[in-house]
Structures are given as structure tokens and as C-alpha cells.
Amino acid sequence: MKIFKKAILFGAATATIFLGTTAKQTAVAGTLNLGWNYATDPSYDSLGGSEYEIYGMAVKDDLATNTIWVAISANTPLMGINTGPYLEGMPVSNGNIGWGDLFFDFSGKGNYKAANDSNNLFGIRFAPNNDSKTPGTGVYSGVNATSVVTENAGWWNLHNHNSGLNKRTGLEARMGDLAWNDPYYSPYTNEASYYRPETHIPNVIASGNKVGDITMVNDAELVAAGLAFAALPARGSQTIGFKFDKSLVPVDSYVATLILECNNDAMALIGETEAVPEPSSILATLLGVGAIGTWRKRKQKLAV
């Protein structure tokens with residue numbers, strides 16, 4: 001699997017950055033605009049109505065503040081969409097369809113199911129009223145995920161979703177940085193059945209250990225942090241943002257997965273976190289810069 005990402009560079013031409021997938025999943029060869037790593041999703045691949053469309057997601061590894069920022073552009077509100085107990089004749093468990101949880105896979109296993117089966121996912125619950133099995137919002141480690149698609153009048157897995165989209169539009173679905181049938185998501189790219197729950201795509205946390213909290217952030221805070229969703233091909237009516245301490249997750253490459261409770265749309269983003277520079281290395285850099293400045297001044301004096 002080879003992935004190419006487009007960097008959003010303002011005041012310059014759009015550049016393409018190569019991401020080569022290895023056994024460690026990804027080697028990121030560049031940094032996108034102001035530290036934000038963007039993934040865009042087509043504006044035609046939601047099912048069930050435009051209110052379930054996801055347009056893009058961005059993650060910033062902020063070394064200056066030791067913080068991970070996450071922003072989502074979509075039409076689905078943070079608190080989901082009230083549907084009542086049934087939608088098109090199918091049951092909705094709590095009368096609301098909304099967001100699944102966000103999963104970060106640092107495992108290097110190269111497969112979503114393999115990481116999940118070995119409890120190697122990190123999960124972020126950011127929607128307080130969704131069907132997650134956790135006691136509350138926050139960052140969770142050692143996560144095992146489960147599917148709630150049948151509780152939300154949903155599409156069982158990625159194959160099922162793409163088949164529905166293809167029949168209606170003749171088009172193929174995409175998940176941001178990955179195609180719907182990328183091997184990373186096997187076997188959820190194979191035909192599914194309502195009566196075979198093992199074929200349903202996991203989209204919320206079933207169990208895990210809470211390791212920290214998240215802080216919700218507004219549009220102004222995201223813009224101040226350098227976010228520029230306006231530069232994406234399309235933008236949703238809703239912007240959802242939050243941040244958390246980066247010490248809660250590993251320093252490594254990752255695949256991030258976000259799937260609505262109903263699997264009407266889904267999103268993947270490939271990236272990596274970087275180590276925060278040690279104070280000693282920062283001091284050494286500053287001393288080096290100072291030494292160069294002193295050398296230049298002495299050279300200028302000798303040349304007079």
C-alpha cells in the first residue's frame with residue numbers, strides 16, 4: 001500500500017508528500033501546513049442523507065505545548081441527530097445517531113482488526129452521548145472496540161456501505177487517506193451479514209483503560225492553532241475540535257479511524273507523532289545559534 005498526501009501550503013503551490021507504508025504502517029516524509037496533518041473525504045459518499053457527510057479531519061502534533069489537536073469537518077453535530085426509535089423501519093437504540101469513537105492504531109500490525117483483537121488501539125471518546133461503552137469522554141489505552149451499526153440503522157461494514165453507495169450513485173467510497181477496500185480494514189471489506197456480528201465494523205470503545213481527559217475547543221481556538229479547513233475542497237456545517245496531552249499516546253506512526261455509529265460515512269488519516277525535544281538538546285541548539293552569531297560578528301570586525 002502506497003499513500004500520497006497533499007500538503008496545504010498557503011502562498012505557494014500545493015505540494016505532494018509521499019507516505020510509504022512499511023511494517024510500522026507509515027513513514028511520514030513531511031509536515032503539512034503549520035503542523036496540521038489533513039485528510040479529505042469525498043462529499044458524495046455518505047448514505048442516509050447529507051447530514052451524515054464527513055468532509056475532512058486534521059491532527060496536529062504540537063511540540064511546543066506537548067498537545068495533540070484534532071479537528072473534524074462534517075455535517076453531523078457533536079451530539080448527533082435525533083431520529084426517534086426507528087429510522088426507515090430500522091431500530092435506533094437511543095433515538096439518536098451520531099459519532100463513533102476515534103481510534104489511533106500505533107501497533108504496527110498493519111491491520112485494524114489485528115490491532116483491535118490484541119487490545120492495541122487507543123480510543124478517544126469525544127461525543128458524550130454516543131453509544132460508547134466507556135463511562136465518559138477521554139483518552140483510553142488497551143482498547144477493544146465493538147460495533148454498534150445494527151443499533152443505529154446502519155451499514156454493517158465497509159463492503160456493505162460501498163455496495164449501497166455504488167448501487168445508488170455508481171461511485172466508489174473512500175475513507176480519507178485510505179480506500180474503503182484497503183487491506184488495512186480487512187476483513188471488514190468483505191461481504192457482511194446481519195446475523196454474523198463478527199463481520200460488522202467496530203466503531204466504538206467496548207473496553208479500555210482511561211489514561212486522561214480531552215478538552216473541547218471552539219473554532220477560534222482551532223484557527224489560532226493554525227487550522228485552515230477553509231482550504232479543503234469542501235467544508236461541513238459543523239467543526240468539532242478537541243485536544244489532549246500527547247504524553248497519553250506513543251511516539252510513532254499511526255492510522256486514525258473514525259466511523260459514524262451508523263457507518264453512513266467513515267474517515268481514515270495516516271500520520272505520526274514526534275518526540276518532544278529534550279531541554280538539553282534545545283539548549284545545545286540555542287548555544288549553537290549563539291556561537292554562530294558571535295563568529296559572524298568577529299568575522300565582520302576582522303574584515304573592517
# chains A, B, ... in the order shown; residues from 1 in each chain; ligands from 1
>>> residues_around(residues="stretch 77-79 of chain A", least_positions_apart="4", cutoff="7 Å", atoms="only C-alpha atoms", output="PyMOL selection string")
chain A and resi 98+127+129+238+240
>>> write_last_selection(atoms="C-alpha atoms", output="PDB file, in the first residue's frame")
ATOM      1  CA  GLY A  98     -24.096  10.237  15.977  1.00  0.00           C
ATOM      2  CA  ALA A 127     -19.165  12.666  21.859  1.00  0.00           C
ATOM      3  CA  ASN A 129     -23.987  10.975  24.333  1.00  0.00           C
ATOM      4  CA  GLN A 238     -20.056  21.508  11.777  1.00  0.00           C
ATOM      5  CA  ILE A 240     -15.706  19.569  16.055  1.00  0.00           C
TER       6      ILE A 240
END
>>> select_by_dssp(residues="stretch 40-176 of chain A", states="strand (DSSP E or B)", output="ChimeraX atom specification")
/A:40,54-62,67-74,81-82,86-87,90-92,96-97,99-105,121-125,138-146,152,174-176
>>> residues_around(residues="stretch 226-229 of chain A", least_positions_apart="2", cutoff="12 Å", atoms="only C-alpha atoms", output="PyMOL selection string")
chain A and resi 7-10+32-40+55-62+69-74+217-224+231-241
>>> residues_around(residues="A:Lys210", least_positions_apart="2", cutoff="7 Å", atoms="only C-alpha atoms", output="ChimeraX atom specification")
/A:138-141,208,212
>>> closest_residue(among="A:Ala115, A:Ile68, A:Leu102, A:Leu165", to="A:Asn203", atoms="only C-alpha atoms")
A:Leu102
>>> residues_around(residues="stretch 266-271 of chain A", least_positions_apart="4", cutoff="6 Å", atoms="only C-alpha atoms", output="list in words")
Ala39, Met175, Gly176, Asp177, Ser253, Tyr254, Val255, Ala256, Thr257, Leu258 and Ile259 of chain A
>>> write_last_selection(atoms="C-alpha atoms", output="tab-separated table (two decimals), in the first residue's frame")
chain	number	residue	atom	x	y	z
A	39	ALA	CA	-7.13	14.10	5.29
A	175	MET	CA	-12.10	6.94	3.67
A	176	GLY	CA	-9.87	9.99	3.56
A	177	ASP	CA	-6.31	8.69	3.25
A	253	SER	CA	3.39	6.32	13.17
A	254	TYR	CA	-0.33	5.64	13.27
A	255	VAL	CA	-3.56	5.12	11.37
A	256	ALA	CA	-6.52	7.05	12.81
A	257	THR	CA	-10.03	5.72	12.13
A	258	LEU	CA	-13.34	7.50	12.69
A	259	ILE	CA	-16.67	5.86	11.79
>>> residues_around(residues="A:Val148", least_positions_apart="5", cutoff="9 Å", atoms="only C-alpha atoms", output="ChimeraX atom specification")
/A:100,131-132,154,200-204,261-262
>>> closest_residue(among="A:Val249, A:Ala192, A:Asp265, A:Asn152", to="A:Gly49", atoms="only C-alpha atoms")
A:Asp265
>>> closest_residue(among="A:Ala64, A:Ile205, A:Met90, A:Ala145", to="A:Asp117", atoms="only C-alpha atoms")
A:Ala145
>>> residues_around(residues="A:Thr137", least_positions_apart="3", cutoff="9 Å", atoms="only C-alpha atoms", output="PDB file with N, CA and C atoms, in the first residue's frame")
ATOM      1  N   ILE A 124     -10.476   7.513  21.566  1.00  0.00           N
ATOM      2  CA  ILE A 124     -10.870   8.813  22.093  1.00  0.00           C
ATOM      3  C   ILE A 124     -12.392   8.913  22.005  1.00  0.00           C
ATOM      4  N   ARG A 125     -13.036   8.963  23.152  1.00  0.00           N
ATOM      5  CA  ARG A 125     -14.465   9.254  23.146  1.00  0.00           C
ATOM      6  C   ARG A 125     -14.633  10.760  23.297  1.00  0.00           C
ATOM      7  N   PHE A 126     -15.198  11.406  22.278  1.00  0.00           N
ATOM      8  CA  PHE A 126     -15.372  12.860  22.325  1.00  0.00           C
ATOM      9  C   PHE A 126     -16.839  13.270  22.314  1.00  0.00           C
ATOM     10  N   ALA A 127     -17.726  12.376  21.872  1.00  0.00           N
ATOM     11  CA  ALA A 127     -19.165  12.666  21.859  1.00  0.00           C
ATOM     12  C   ALA A 127     -19.782  12.120  23.151  1.00  0.00           C
ATOM     13  N   PRO A 128     -20.234  12.970  24.051  1.00  0.00           N
ATOM     14  CA  PRO A 128     -20.646  12.497  25.382  1.00  0.00           C
ATOM     15  C   PRO A 128     -21.909  11.637  25.395  1.00  0.00           C
ATOM     16  N   THR A 134     -17.786   3.239  27.289  1.00  0.00           N
ATOM     17  CA  THR A 134     -16.950   3.829  28.334  1.00  0.00           C
ATOM     18  C   THR A 134     -17.801   4.646  29.294  1.00  0.00           C
ATOM     19  N   ASP A 213      -7.918  12.980  30.069  1.00  0.00           N
ATOM     20  CA  ASP A 213      -9.106  13.696  29.601  1.00  0.00           C
ATOM     21  C   ASP A 213      -8.834  14.411  28.282  1.00  0.00           C
ATOM     22  N   ILE A 214      -9.912  14.836  27.653  1.00  0.00           N
ATOM     23  CA  ILE A 214      -9.809  15.690  26.484  1.00  0.00           C
ATOM     24  C   ILE A 214     -10.408  17.044  26.828  1.00  0.00           C
TER      25      ILE A 214
END
>>> atom_distance(atom1="atom CA of A:Thr199", atom2="atom CA of A:Ser43")
26.2 Å
